[in-house]
file input_35.txt (compact mmCIF, N, CA and C atoms)
# COMPACT_ATOMS: atom_id res chain seq x y z
N MET A 1 111.73 88.44 102.74
CA MET A 1 112.64 89.41 103.29
C MET A 1 112.15 90.82 102.94
N ALA A 2 112.06 91.69 103.92
CA ALA A 2 111.55 93.04 103.71
C ALA A 2 112.58 93.89 102.99
N LYS A 3 112.09 94.74 102.13
CA LYS A 3 112.95 95.67 101.40
C LYS A 3 113.35 96.80 102.33
N ALA A 4 114.61 97.15 102.34
CA ALA A 4 115.09 98.26 103.17
C ALA A 4 114.59 99.57 102.59
N ALA A 5 114.26 100.50 103.45
CA ALA A 5 113.79 101.81 103.00
C ALA A 5 114.93 102.56 102.34
N THR A 6 114.60 103.26 101.27
CA THR A 6 115.61 104.07 100.61
C THR A 6 115.86 105.31 101.45
N LYS A 7 116.91 106.02 101.14
CA LYS A 7 117.31 107.19 101.92
C LYS A 7 116.21 108.25 102.02
N ASN A 8 115.45 108.46 100.95
CA ASN A 8 114.42 109.50 100.92
C ASN A 8 113.03 108.98 101.29
N GLU A 9 112.91 107.71 101.55
CA GLU A 9 111.60 107.14 101.85
C GLU A 9 111.40 107.05 103.36
N ASN A 10 110.37 107.69 103.85
CA ASN A 10 110.06 107.66 105.27
C ASN A 10 108.90 106.70 105.48
N PRO A 11 109.12 105.58 106.15
CA PRO A 11 108.04 104.60 106.31
C PRO A 11 106.86 105.12 107.12
N LYS A 12 107.05 106.16 107.88
CA LYS A 12 105.93 106.71 108.65
C LYS A 12 105.01 107.57 107.80
N THR A 13 105.55 108.16 106.73
CA THR A 13 104.72 109.02 105.89
C THR A 13 104.36 108.38 104.57
N ALA A 14 105.05 107.32 104.18
CA ALA A 14 104.77 106.66 102.91
C ALA A 14 104.85 105.14 103.06
N PRO A 15 104.07 104.58 103.97
CA PRO A 15 104.15 103.13 104.14
C PRO A 15 103.53 102.38 102.97
N LYS A 16 104.07 101.22 102.69
CA LYS A 16 103.51 100.38 101.63
C LYS A 16 102.12 99.89 102.03
N ASP A 17 101.94 99.57 103.30
CA ASP A 17 100.67 99.08 103.81
C ASP A 17 99.93 100.23 104.49
N ALA A 18 98.95 100.78 103.81
CA ALA A 18 98.22 101.94 104.33
C ALA A 18 97.05 101.53 105.22
N SER A 19 96.88 100.24 105.49
CA SER A 19 95.72 99.78 106.24
C SER A 19 95.67 100.31 107.67
N ASN A 20 96.80 100.72 108.20
CA ASN A 20 96.84 101.19 109.58
C ASN A 20 96.79 102.71 109.69
N ARG A 21 96.77 103.39 108.56
CA ARG A 21 96.79 104.85 108.60
C ARG A 21 95.49 105.46 109.08
N VAL A 22 94.37 105.00 108.55
CA VAL A 22 93.07 105.54 108.94
C VAL A 22 92.27 104.38 109.51
N LYS A 23 91.97 104.51 110.79
CA LYS A 23 91.27 103.44 111.48
C LYS A 23 89.99 104.00 112.07
N ASP A 24 88.94 103.23 112.00
CA ASP A 24 87.66 103.61 112.59
C ASP A 24 87.87 103.82 114.09
N PRO A 25 87.39 104.94 114.63
CA PRO A 25 87.56 105.20 116.06
C PRO A 25 87.06 104.06 116.95
N ASP A 26 86.06 103.32 116.48
CA ASP A 26 85.55 102.19 117.27
C ASP A 26 86.59 101.07 117.38
N GLN A 27 87.59 101.09 116.52
CA GLN A 27 88.63 100.07 116.52
C GLN A 27 89.89 100.50 117.28
N TRP A 28 89.92 101.73 117.78
CA TRP A 28 91.09 102.22 118.50
C TRP A 28 91.24 101.47 119.81
N THR A 29 92.46 101.07 120.13
CA THR A 29 92.69 100.40 121.41
C THR A 29 92.57 101.38 122.57
N THR A 30 92.77 102.66 122.32
CA THR A 30 92.66 103.69 123.36
C THR A 30 91.37 104.49 123.25
N GLY A 31 90.45 104.04 122.41
CA GLY A 31 89.22 104.79 122.17
C GLY A 31 88.34 105.01 123.38
N GLY A 32 88.45 104.12 124.37
CA GLY A 32 87.63 104.24 125.57
C GLY A 32 88.20 105.19 126.62
N GLU A 33 89.40 105.69 126.37
CA GLU A 33 90.02 106.62 127.31
C GLU A 33 89.36 107.99 127.17
N PRO A 34 89.47 108.82 128.21
CA PRO A 34 88.90 110.18 128.11
C PRO A 34 89.50 110.93 126.93
N MET A 35 88.70 111.80 126.32
CA MET A 35 89.22 112.57 125.19
C MET A 35 90.39 113.43 125.65
N THR A 36 91.26 113.74 124.70
CA THR A 36 92.42 114.56 125.02
C THR A 36 92.01 116.02 125.17
N GLY A 37 92.90 116.80 125.73
CA GLY A 37 92.66 118.24 125.85
C GLY A 37 92.49 118.89 124.50
N ALA A 38 93.29 118.46 123.53
CA ALA A 38 93.18 119.02 122.18
C ALA A 38 91.83 118.68 121.56
N GLN A 39 91.38 117.45 121.75
CA GLN A 39 90.06 117.07 121.23
C GLN A 39 88.97 117.90 121.89
N ALA A 40 89.04 118.07 123.20
CA ALA A 40 88.02 118.82 123.92
C ALA A 40 87.97 120.26 123.42
N SER A 41 89.12 120.87 123.25
CA SER A 41 89.18 122.25 122.79
C SER A 41 88.61 122.39 121.38
N TYR A 42 89.01 121.49 120.49
CA TYR A 42 88.55 121.56 119.11
C TYR A 42 87.06 121.26 119.02
N LEU A 43 86.60 120.26 119.76
CA LEU A 43 85.18 119.92 119.74
C LEU A 43 84.35 121.08 120.28
N LYS A 44 84.82 121.73 121.32
CA LYS A 44 84.11 122.88 121.89
C LYS A 44 84.01 124.00 120.85
N THR A 45 85.13 124.29 120.20
CA THR A 45 85.15 125.34 119.17
C THR A 45 84.20 125.01 118.03
N LEU A 46 84.29 123.78 117.51
CA LEU A 46 83.43 123.38 116.39
C LEU A 46 81.95 123.40 116.77
N SER A 47 81.64 122.95 117.98
CA SER A 47 80.23 122.93 118.40
C SER A 47 79.68 124.35 118.53
N GLU A 48 80.52 125.27 118.97
CA GLU A 48 80.08 126.67 119.07
C GLU A 48 79.90 127.27 117.68
N GLU A 49 80.87 127.00 116.78
CA GLU A 49 80.76 127.52 115.41
C GLU A 49 79.53 126.98 114.69
N ALA A 50 79.22 125.72 114.95
CA ALA A 50 78.07 125.08 114.30
C ALA A 50 76.75 125.39 115.00
N LYS A 51 76.83 126.12 116.10
CA LYS A 51 75.65 126.43 116.91
C LYS A 51 74.94 125.15 117.34
N GLU A 52 75.77 124.14 117.71
CA GLU A 52 75.29 122.87 118.21
C GLU A 52 75.98 122.57 119.55
N PRO A 53 75.66 123.35 120.58
CA PRO A 53 76.36 123.17 121.86
C PRO A 53 76.19 121.78 122.46
N GLU A 54 75.11 121.09 122.09
CA GLU A 54 74.89 119.74 122.63
C GLU A 54 75.91 118.74 122.09
N ALA A 55 76.63 119.10 121.03
CA ALA A 55 77.66 118.21 120.47
C ALA A 55 78.86 118.10 121.41
N PHE A 56 79.03 119.11 122.28
CA PHE A 56 80.13 119.06 123.24
C PHE A 56 79.66 118.45 124.55
N ASP A 57 80.37 117.42 124.96
CA ASP A 57 80.12 116.77 126.26
C ASP A 57 81.49 116.46 126.84
N PRO A 58 81.86 117.08 127.95
CA PRO A 58 83.20 116.89 128.50
C PRO A 58 83.47 115.47 129.00
N ASN A 59 82.47 114.63 129.04
CA ASN A 59 82.64 113.28 129.60
C ASN A 59 82.73 112.17 128.55
N ILE A 60 82.82 112.52 127.26
CA ILE A 60 82.90 111.48 126.25
C ILE A 60 84.34 110.98 126.10
N ASP A 61 84.46 109.81 125.46
CA ASP A 61 85.80 109.23 125.28
C ASP A 61 86.42 109.69 123.96
N LYS A 62 87.67 109.28 123.76
CA LYS A 62 88.42 109.68 122.56
C LYS A 62 87.70 109.31 121.27
N ALA A 63 87.18 108.09 121.21
CA ALA A 63 86.54 107.63 119.99
C ALA A 63 85.30 108.46 119.67
N GLU A 64 84.47 108.69 120.66
CA GLU A 64 83.25 109.48 120.44
C GLU A 64 83.61 110.92 120.07
N ALA A 65 84.62 111.48 120.72
CA ALA A 65 85.05 112.84 120.39
C ALA A 65 85.49 112.92 118.93
N SER A 66 86.25 111.93 118.49
CA SER A 66 86.70 111.91 117.10
C SER A 66 85.53 111.85 116.13
N LYS A 67 84.55 111.02 116.44
CA LYS A 67 83.38 110.91 115.57
C LYS A 67 82.60 112.23 115.52
N ARG A 68 82.45 112.88 116.66
CA ARG A 68 81.72 114.15 116.68
C ARG A 68 82.49 115.24 115.94
N ILE A 69 83.79 115.26 116.12
CA ILE A 69 84.63 116.24 115.41
C ILE A 69 84.50 116.03 113.91
N ASP A 70 84.60 114.78 113.47
CA ASP A 70 84.47 114.49 112.04
C ASP A 70 83.11 114.92 111.51
N ALA A 71 82.06 114.65 112.24
CA ALA A 71 80.71 115.02 111.80
C ALA A 71 80.55 116.53 111.72
N LEU A 72 81.03 117.25 112.72
CA LEU A 72 80.92 118.71 112.72
C LEU A 72 81.76 119.31 111.59
N ARG A 73 82.95 118.76 111.36
CA ARG A 73 83.80 119.25 110.27
C ARG A 73 83.13 119.01 108.92
N ARG A 74 82.54 117.84 108.77
CA ARG A 74 81.85 117.50 107.53
C ARG A 74 80.67 118.45 107.31
N ASP A 75 79.88 118.66 108.36
CA ASP A 75 78.71 119.54 108.25
C ASP A 75 79.11 120.99 107.94
N ALA A 76 80.27 121.41 108.46
CA ALA A 76 80.71 122.77 108.25
C ALA A 76 81.50 122.94 106.95
N GLY A 77 81.74 121.83 106.24
CA GLY A 77 82.48 121.90 105.00
C GLY A 77 83.98 121.94 105.19
N HIS A 78 84.47 121.58 106.39
CA HIS A 78 85.91 121.58 106.66
C HIS A 78 86.58 120.28 106.24
N ALA A 79 85.81 119.25 105.99
CA ALA A 79 86.39 117.93 105.73
C ALA A 79 86.95 117.78 104.35
call {"tool": "encode", "arguments": {"input": "input_35.txt", "output": "structure tokens"}}
result
Amino acid sequence: MAKAATKNENPKTAPKDASNRVKDPDQWTTGGEPMTGAQASYLKTLSEEAKEPEAFDPNIDKAEASKRIDALRRDAGHA
């Protein structure tokens, strides 16, 4: 039987099972969909800041966009 959440406990921000919080983009069920507008905007900005314009490709999917964003953030020290 599952324990009921206490009044101050938000299961969305403090789940007991954290296995679903951070998932590899290759495992996303929607990873093959076109990247979102927010991803495109952020990826474009990061690629310009990093002087790596080839990192931006408007035709990549959500998963690839996430991986490129993470890599650019890591390289720039934002991660």
call {"tool": "residues_around", "arguments": {"input": "input_35.txt", "residues": "segment 28-40 of chain A", "least_positions_apart": "6", "cutoff": "9 Å", "atoms": "only C-alpha atoms", "output": "list of chain:residue names"}}
result
A:Phe56, A:Asp57, A:Pro58, A:Asn59, A:Ile60, A:Asp61, A:Lys62, A:Ala63, A:Glu64, A:Ala65, A:Ser66, A:Ile69
call {"tool": "residues_near_point", "arguments": {"input": "input_35.txt", "point": "(81.5, 122.4, 117.7)", "cutoff": "7 Å", "atoms": "only C-alpha atoms", "output": "PyMOL selection string"}}
result
chain A and resi 43-50+52-53+55-56+72
call {"tool": "atom_distance", "arguments": {"input": "input_35.txt", "atom1": "atom CA of Glu54 of chain A", "atom2": "atom C of Asp75 of chain A"}}
result
15.3 Å
call {"tool": "atom_distance", "arguments": {"input": "input_35.txt", "atom1": "atom C of Ser41 of chain A", "atom2": "atom C of Lys23 of chain A"}}
result
20.7 Å
call {"tool": "atom_distance", "arguments": {"input": "input_35.txt", "atom1": "atom C of Ala76 of chain A", "atom2": "atom N of Lys51 of chain A"}}
result
10.8 Å
call {"tool": "decode", "arguments": {"input": "input_35.txt", "residues": "segment 28-64 of chain A", "atoms": "N, CA, C and O atoms", "output": "tab-separated table (two decimals), in the first residue's frame"}}
result
chain	number	residue	atom	x	y	z
A	28	TRP	N	13.81	9.02	-24.62
A	28	TRP	CA	12.57	9.78	-24.62
A	28	TRP	C	11.60	9.19	-25.63
A	28	TRP	O	11.99	8.88	-26.77
A	29	THR	N	10.35	9.07	-25.25
A	29	THR	CA	9.35	8.57	-26.20
A	29	THR	C	9.05	9.61	-27.27
A	29	THR	O	8.62	9.27	-28.36
A	30	THR	N	9.29	10.88	-26.98
A	30	THR	CA	9.05	11.95	-27.95
A	30	THR	C	10.33	12.48	-28.56
A	30	THR	O	10.33	13.51	-29.23
A	31	GLY	N	11.44	11.79	-28.33
A	31	GLY	CA	12.75	12.27	-28.79
A	31	GLY	C	12.88	12.42	-30.28
A	31	GLY	O	13.66	13.23	-30.76
A	32	GLY	N	12.09	11.67	-31.05
A	32	GLY	CA	12.17	11.74	-32.50
A	32	GLY	C	11.35	12.86	-33.11
A	32	GLY	O	11.42	13.10	-34.31
A	33	GLU	N	10.59	13.56	-32.27
A	33	GLU	CA	9.78	14.68	-32.77
A	33	GLU	C	10.69	15.88	-33.03
A	33	GLU	O	11.77	15.98	-32.46
A	34	PRO	N	10.24	16.81	-33.88
A	34	PRO	CA	11.04	18.01	-34.13
A	34	PRO	C	11.32	18.76	-32.83
A	34	PRO	O	10.50	18.74	-31.91
A	35	MET	N	12.48	19.40	-32.75
A	35	MET	CA	12.80	20.14	-31.54
A	35	MET	C	11.77	21.25	-31.33
A	35	MET	O	11.16	21.75	-32.27
A	36	THR	N	11.62	21.64	-30.08
A	36	THR	CA	10.66	22.69	-29.75
A	36	THR	C	11.23	24.05	-30.13
A	36	THR	O	12.44	24.20	-30.35
A	37	GLY	N	10.36	25.03	-30.15
A	37	GLY	CA	10.81	26.40	-30.42
A	37	GLY	C	11.79	26.89	-29.38
A	37	GLY	O	12.77	27.57	-29.70
A	38	ALA	N	11.55	26.53	-28.12
A	38	ALA	CA	12.46	26.94	-27.05
A	38	ALA	C	13.83	26.29	-27.23
A	38	ALA	O	14.86	26.95	-27.04
A	39	GLN	N	13.84	25.01	-27.60
A	39	GLN	CA	15.12	24.34	-27.84
A	39	GLN	C	15.85	25.01	-29.00
A	39	GLN	O	17.06	25.24	-28.93
A	40	ALA	N	15.15	25.30	-30.08
A	40	ALA	CA	15.77	25.91	-31.25
A	40	ALA	C	16.38	27.26	-30.89
A	40	ALA	O	17.53	27.56	-31.26
A	41	SER	N	15.64	28.06	-30.15
A	41	SER	CA	16.12	29.38	-29.76
A	41	SER	C	17.36	29.28	-28.88
A	41	SER	O	18.36	29.98	-29.10
A	42	TYR	N	17.30	28.39	-27.88
A	42	TYR	CA	18.42	28.25	-26.96
A	42	TYR	C	19.64	27.67	-27.66
A	42	TYR	O	20.77	28.13	-27.46
A	43	LEU	N	19.42	26.67	-28.51
A	43	LEU	CA	20.53	26.07	-29.24
A	43	LEU	C	21.18	27.09	-30.16
A	43	LEU	O	22.41	27.16	-30.25
A	44	LYS	N	20.39	27.90	-30.82
A	44	LYS	CA	20.92	28.95	-31.70
A	44	LYS	C	21.78	29.93	-30.90
A	44	LYS	O	22.90	30.26	-31.30
A	45	THR	N	21.26	30.36	-29.76
A	45	THR	CA	21.99	31.30	-28.91
A	45	THR	C	23.31	30.69	-28.42
A	45	THR	O	24.36	31.32	-28.51
A	46	LEU	N	23.24	29.46	-27.91
A	46	LEU	CA	24.45	28.81	-27.41
A	46	LEU	C	25.48	28.58	-28.51
A	46	LEU	O	26.68	28.77	-28.30
A	47	SER	N	25.02	28.19	-29.70
A	47	SER	CA	25.95	27.93	-30.79
A	47	SER	C	26.64	29.22	-31.23
A	47	SER	O	27.82	29.21	-31.57
A	48	GLU	N	25.91	30.33	-31.19
A	48	GLU	CA	26.52	31.62	-31.53
A	48	GLU	C	27.52	32.05	-30.46
A	48	GLU	O	28.61	32.52	-30.79
A	49	GLU	N	27.13	31.89	-29.18
A	49	GLU	CA	28.04	32.25	-28.09
A	49	GLU	C	29.32	31.42	-28.12
A	49	GLU	O	30.40	31.93	-27.84
A	50	ALA	N	29.18	30.15	-28.47
A	50	ALA	CA	30.34	29.25	-28.51
A	50	ALA	C	31.12	29.36	-29.81
A	50	ALA	O	32.14	28.70	-29.97
A	51	LYS	N	30.64	30.19	-30.72
A	51	LYS	CA	31.26	30.34	-32.04
A	51	LYS	C	31.35	28.99	-32.75
A	51	LYS	O	32.35	28.66	-33.38
A	52	GLU	N	30.26	28.21	-32.59
A	52	GLU	CA	30.13	26.91	-33.25
A	52	GLU	C	28.80	26.88	-34.01
A	52	GLU	O	27.87	26.15	-33.64
A	53	PRO	N	28.68	27.67	-35.07
A	53	PRO	CA	27.41	27.75	-35.78
A	53	PRO	C	26.94	26.41	-36.35
A	53	PRO	O	25.74	26.19	-36.53
A	54	GLU	N	27.87	25.49	-36.59
A	54	GLU	CA	27.49	24.18	-37.12
A	54	GLU	C	26.72	23.35	-36.10
A	54	GLU	O	26.08	22.37	-36.47
A	55	ALA	N	26.76	23.74	-34.83
A	55	ALA	CA	26.01	23.01	-33.79
A	55	ALA	C	24.50	23.23	-33.96
A	55	ALA	O	23.71	22.42	-33.50
A	56	PHE	N	24.12	24.32	-34.63
A	56	PHE	CA	22.70	24.58	-34.86
A	56	PHE	C	22.28	24.01	-36.20
A	56	PHE	O	22.86	24.32	-37.23
A	57	ASP	N	21.26	23.17	-36.15
A	57	ASP	CA	20.65	22.61	-37.36
A	57	ASP	C	19.15	22.62	-37.12
A	57	ASP	O	18.66	21.95	-36.21
A	58	PRO	N	18.40	23.40	-37.89
A	58	PRO	CA	16.96	23.52	-37.64
A	58	PRO	C	16.17	22.23	-37.89
A	58	PRO	O	15.00	22.15	-37.53
A	59	ASN	N	16.80	21.22	-38.43
A	59	ASN	CA	16.10	19.98	-38.78
A	59	ASN	C	16.33	18.83	-37.82
A	59	ASN	O	15.90	17.71	-38.09
A	60	ILE	N	17.00	19.07	-36.69
A	60	ILE	CA	17.25	17.97	-35.76
A	60	ILE	C	16.03	17.74	-34.86
A	60	ILE	O	15.16	18.60	-34.75
A	61	ASP	N	16.02	16.56	-34.22
A	61	ASP	CA	14.88	16.24	-33.35
A	61	ASP	C	15.16	16.68	-31.91
A	61	ASP	O	16.23	17.19	-31.58
A	62	LYS	N	14.14	16.50	-31.06
A	62	LYS	CA	14.23	16.93	-29.66
A	62	LYS	C	15.42	16.31	-28.94
A	62	LYS	O	16.12	16.99	-28.19
A	63	ALA	N	15.62	15.02	-29.13
A	63	ALA	CA	16.69	14.33	-28.43
A	63	ALA	C	18.06	14.88	-28.83
A	63	ALA	O	18.90	15.15	-27.97
A	64	GLU	N	18.28	15.03	-30.12
A	64	GLU	CA	19.57	15.55	-30.60
A	64	GLU	C	19.76	17.00	-30.13
A	64	GLU	O	20.87	17.38	-29.74
